[in-house]
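*Asks:* So that we are looking at the same thing, I have put the structure below in structure tokens.
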Amino acid sequence: MFNYTFRWNQALQALPQMLNGALVTLEIALLSMAIGLVCAVALTLFRRSDSRILKGFAATWVEVARNTPALFQIYMAHFGLGAFGIHLSPFTSLLAGIAFNNAGYLSENFRGALKAIPDTQARAGRSLGLTSLQAFRYILLPQMLRIAFLPATNQMVWAILMTSLGVTVGMNTDLAGVTQALNAKSFRTFEFFAIAAVIYYVIAKVVTLAARALAWRLFRS
């Protein structure tokens with residue numbers, strides 16, 4: 001027999017704490033995207049290089065990032081590195097794991113974007129005296145980022161949602177961690193996690209709409 005009594009007032013009183021946790025969630029997601037973006041550009045360059053070592057390194061990173069669970073990657077940052085005497089805080093472990101994942105997916109997005117750019121543009125740059133790196137920086141990179149901008153938005157949303165995995169390594173200041181702590185004190189699981197789900201949804205929607213508006217403003221013809 002269904003006899004659960006909802007107590008939304010108790011959950012709503014904790015809303016300021018949950019919103020503070022949401023800010024930490026957004027901070028981790030933004031930092032992981034920034035780090036992932038830089039790493040992804042480097043991986044893209046490595047995959048275009050003539051060095052087998054660099055190509056192999058980039059290919060391995062992308063394969064591991066895209067074909068293993070994000071939880072595994074966070075665990076390796078937090079517990080795996082501990083085996084070598086490298087002990088990271090829950091915040092740093094979560095950030096490193098998500099950034100690693102972001103870099104792998106963004107690099108693959110960039111690879112697809114480069115395929116949409118005619119090879120003649122890079123050759124034209126070389127014919128004007130640009131080096132391969134200069135041709136990539138001034139000709140290919142701007143177009144690559146433009147093409148991959150909206151797909152990268154999906155990765156940003158995924159990064160926001162991945163932050164919830166931080167509770168598995170002791171992260172307790174983000175939205176999922178704060179929600180879990182509040183639930184442990186009150187056992188109002190449905191109310192707290194329902195509110196958290198709404199907050200995650202709103203953040204994801206705001207990010208998606210903001211990215212579309214920014215893309216329209218920056219890339220309109």
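Ligands are numbered from 1 in the order shown, residues from 1 within each chain, and chains are lettered A, B, ... in the order they appear in the structure tokens.
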Can you tell me which residues surround region 208-212 of chain A at a distance of at most 9 Å, considering only C-alpha atoms, apart from same-chain residues fewer than 4 positions away, and format the answer as number ranges by chain?
*Replies:* A: 149-150, 153-154, 156-157, 203-204, 216-217
*Asks:* For those residues, write N, CA and C atoms to a file as an mmCIF file, in the first residue's frame.
*Replies:*
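And here is the file that came out, out-v2.cif:
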data_model
loop_
_atom_site.group_PDB
_atom_site.id
_atom_site.type_symbol
_atom_site.label_atom_id
_atom_site.label_comp_id
_atom_site.auth_asym_id
_atom_site.auth_seq_id
_atom_site.Cartn_x
_atom_site.Cartn_y
_atom_site.Cartn_z
ATOM 1 N N PHE A 149 31.715 23.371 -32.886
ATOM 2 C CA PHE A 149 31.206 24.132 -31.741
ATOM 3 C C PHE A 149 29.937 23.521 -31.150
ATOM 4 N N LEU A 150 28.930 23.322 -31.970
ATOM 5 C CA LEU A 150 27.672 22.786 -31.447
ATOM 6 C C LEU A 150 27.797 21.340 -30.962
ATOM 7 N N THR A 153 28.995 21.266 -27.546
ATOM 8 C CA THR A 153 27.997 21.612 -26.537
ATOM 9 C C THR A 153 27.450 20.355 -25.872
ATOM 10 N N ASN A 154 27.256 19.308 -26.664
ATOM 11 C CA ASN A 154 26.786 18.040 -26.098
ATOM 12 C C ASN A 154 27.779 17.497 -25.077
ATOM 13 N N MET A 156 29.753 19.316 -23.264
ATOM 14 C CA MET A 156 29.641 20.163 -22.076
ATOM 15 C C MET A 156 28.506 19.663 -21.191
ATOM 16 N N VAL A 157 27.371 19.346 -21.802
ATOM 17 C CA VAL A 157 26.237 18.811 -21.034
ATOM 18 C C VAL A 157 26.628 17.492 -20.385
ATOM 19 N N ILE A 203 20.247 23.405 -15.713
ATOM 20 C CA ILE A 203 21.617 23.771 -16.091
ATOM 21 C C ILE A 203 21.914 23.305 -17.510
ATOM 22 N N ALA A 204 21.566 22.055 -17.815
ATOM 23 C CA ALA A 204 21.834 21.501 -19.144
ATOM 24 C C ALA A 204 21.092 22.290 -20.221
ATOM 25 N N TRP A 216 24.853 31.298 -33.103
ATOM 26 C CA TRP A 216 24.143 32.149 -34.071
ATOM 27 C C TRP A 216 24.798 33.512 -34.171
ATOM 28 N N ARG A 217 25.240 34.036 -33.038
ATOM 29 C CA ARG A 217 25.851 35.371 -33.022
ATOM 30 C C ARG A 217 27.240 35.369 -33.639
#
*Asks:* With a distance cut-off of 8 Å and only C-alpha atoms, select the neighbouring residues of region 128-140 of chain A, excluding the residue or stretch itself and same-chain residues fewer than 5 positions from it, and output the selection as a list in words.
*Replies:*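 Counting only C-alpha atoms, the residues come to Leu114, Ile117, Gln121 and Ala122 of chain A.
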*Asks:* Grab the residues selected above and save them as a compact mmCIF listing (two decimals), in the first residue's frame with C-alpha atoms.
*Replies:*
# COMPACT_ATOMS: atom_id res chain seq x y z
CA LEU A 114 38.84 18.60 -40.22
CA ILE A 117 37.55 21.19 -44.60
CA GLN A 121 43.04 25.11 -48.08
CA ALA A 122 46.00 23.77 -46.12
*Asks:* Could you list, as a PyMOL selection string, every residue within 9 Å of region 28-45 of chain A, counting only C-alpha atoms and ignoring same-chain residues fewer than 3 positions away?
*Replies:* chain A and resi 23-25+48-49+54-55+57-59+61-62+91+94-108+110-111+133+136+141+155-163+174
*Asks:* Those residues you just picked out, can you put them in a file as a PDB file, in the first residue's frame with C-alpha atoms?
*Replies:*
ATOM      1  CA  LEU A  23      27.837  26.208  -8.746  1.00  0.00           C
ATOM      2  CA  VAL A  24      30.631  23.758  -7.858  1.00  0.00           C
ATOM      3  CA  THR A  25      29.221  21.335 -10.432  1.00  0.00           C
ATOM      4  CA  ARG A  48      48.310  14.711 -37.900  1.00  0.00           C
ATOM      5  CA  SER A  49      52.026  14.494 -37.145  1.00  0.00           C
ATOM      6  CA  LEU A  54      52.708  10.908 -31.046  1.00  0.00           C
ATOM      7  CA  LYS A  55      50.094   9.275 -33.272  1.00  0.00           C
ATOM      8  CA  PHE A  57      49.783   8.275 -27.890  1.00  0.00           C
ATOM      9  CA  ALA A  58      46.851  10.272 -29.274  1.00  0.00           C
ATOM     10  CA  ALA A  59      45.086   7.199 -30.636  1.00  0.00           C
ATOM     11  CA  TRP A  61      44.084   8.350 -25.354  1.00  0.00           C
ATOM     12  CA  VAL A  62      41.057   8.637 -27.642  1.00  0.00           C
ATOM     13  CA  PHE A  91      37.890  17.565  -6.588  1.00  0.00           C
ATOM     14  CA  LEU A  94      36.935  14.266 -10.616  1.00  0.00           C
ATOM     15  CA  LEU A  95      38.282  17.155 -12.681  1.00  0.00           C
ATOM     16  CA  ALA A  96      41.100  15.027 -14.127  1.00  0.00           C
ATOM     17  CA  GLY A  97      38.795  12.136 -15.007  1.00  0.00           C
ATOM     18  CA  ILE A  98      36.216  14.306 -16.752  1.00  0.00           C
ATOM     19  CA  ALA A  99      38.882  16.374 -18.547  1.00  0.00           C
ATOM     20  CA  PHE A 100      40.488  13.147 -19.817  1.00  0.00           C
ATOM     21  CA  ASN A 101      37.115  11.987 -21.112  1.00  0.00           C
ATOM     22  CA  ASN A 102      36.330  15.362 -22.677  1.00  0.00           C
ATOM     23  CA  ALA A 103      39.656  15.479 -24.484  1.00  0.00           C
ATOM     24  CA  GLY A 104      39.060  12.097 -26.091  1.00  0.00           C
ATOM     25  CA  TYR A 105      35.599  12.943 -27.365  1.00  0.00           C
ATOM     26  CA  LEU A 106      36.488  16.482 -28.434  1.00  0.00           C
ATOM     27  CA  SER A 107      39.509  15.212 -30.335  1.00  0.00           C
ATOM     28  CA  GLU A 108      37.268  12.864 -32.285  1.00  0.00           C
ATOM     29  CA  PHE A 110      37.796  17.802 -34.252  1.00  0.00           C
ATOM     30  CA  ARG A 111      38.957  14.958 -36.485  1.00  0.00           C
ATOM     31  CA  LEU A 133      51.724  24.415 -37.806  1.00  0.00           C
ATOM     32  CA  PHE A 136      46.774  24.630 -38.951  1.00  0.00           C
ATOM     33  CA  LEU A 141      41.847  25.691 -36.493  1.00  0.00           C
ATOM     34  CA  GLN A 155      30.084  17.208 -24.433  1.00  0.00           C
ATOM     35  CA  MET A 156      29.641  20.163 -22.076  1.00  0.00           C
ATOM     36  CA  VAL A 157      26.237  18.811 -21.034  1.00  0.00           C
ATOM     37  CA  TRP A 158      27.778  15.361 -20.602  1.00  0.00           C
ATOM     38  CA  ALA A 159      30.535  16.889 -18.445  1.00  0.00           C
ATOM     39  CA  ILE A 160      27.902  18.493 -16.194  1.00  0.00           C
ATOM     40  CA  LEU A 161      26.161  15.151 -15.745  1.00  0.00           C
ATOM     41  CA  MET A 162      29.449  13.284 -15.206  1.00  0.00           C
ATOM     42  CA  THR A 163      30.223  15.417 -12.162  1.00  0.00           C
ATOM     43  CA  ASP A 174      29.038  19.496  -5.776  1.00  0.00           C
TER      44      ASP A 174
END
*Asks:* Give me the residues within 10 Å of region 176-185 of chain A as an mmCIF file with C-alpha atoms, in the first residue's frame, counting only C-alpha atoms and dropping any in the same chain fewer than 6 places off.
*Replies:*
data_model
loop_
_atom_site.group_PDB
_atom_site.id
_atom_site.type_symbol
_atom_site.label_atom_id
_atom_site.label_comp_id
_atom_site.auth_asym_id
_atom_site.auth_seq_id
_atom_site.Cartn_x
_atom_site.Cartn_y
_atom_site.Cartn_z
ATOM 1 C CA ALA A 11 13.713 19.685 0.881
ATOM 2 C CA ALA A 14 17.886 23.065 1.690
ATOM 3 C CA LEU A 15 17.634 24.586 -1.797
ATOM 4 C CA GLN A 17 22.803 24.515 -0.207
ATOM 5 C CA MET A 18 21.934 22.583 -3.344
ATOM 6 C CA LEU A 19 22.329 25.674 -5.512
ATOM 7 C CA ASN A 20 25.774 26.261 -4.002
ATOM 8 C CA GLY A 21 26.570 22.678 -4.928
ATOM 9 C CA ALA A 22 25.301 23.376 -8.446
ATOM 10 C CA THR A 25 29.221 21.335 -10.432
ATOM 11 C CA LEU A 161 26.161 15.151 -15.745
ATOM 12 C CA THR A 163 30.223 15.417 -12.162
ATOM 13 C CA SER A 164 27.604 13.368 -10.287
ATOM 14 C CA LEU A 165 30.098 10.475 -10.313
ATOM 15 C CA GLY A 166 32.218 12.430 -7.841
ATOM 16 C CA VAL A 167 30.293 10.950 -4.903
ATOM 17 C CA THR A 168 32.078 7.651 -5.582
ATOM 18 C CA GLY A 170 34.240 11.279 -1.731
ATOM 19 C CA GLU A 191 12.277 14.935 -2.654
ATOM 20 C CA PHE A 192 15.991 15.761 -2.605
ATOM 21 C CA PHE A 193 16.939 13.839 -5.707
ATOM 22 C CA ALA A 194 13.881 15.077 -7.603
ATOM 23 C CA ILE A 195 14.967 18.669 -6.916
ATOM 24 C CA ALA A 196 18.555 17.812 -7.877
ATOM 25 C CA ALA A 197 17.320 16.286 -11.141
ATOM 26 C CA TYR A 200 20.656 19.362 -13.507
#
*Asks:* Which polymer residues have any atom within 10 Å of an atom of Leu88 (chain A), counting only C-alpha atoms, with same-chain residues fewer than 6 positions away left out, as a list of chain:residue names?
*Replies:* A:Ala77, A:His78, A:Phe79, A:Leu81, A:Gly82, A:Leu94, A:Ala96
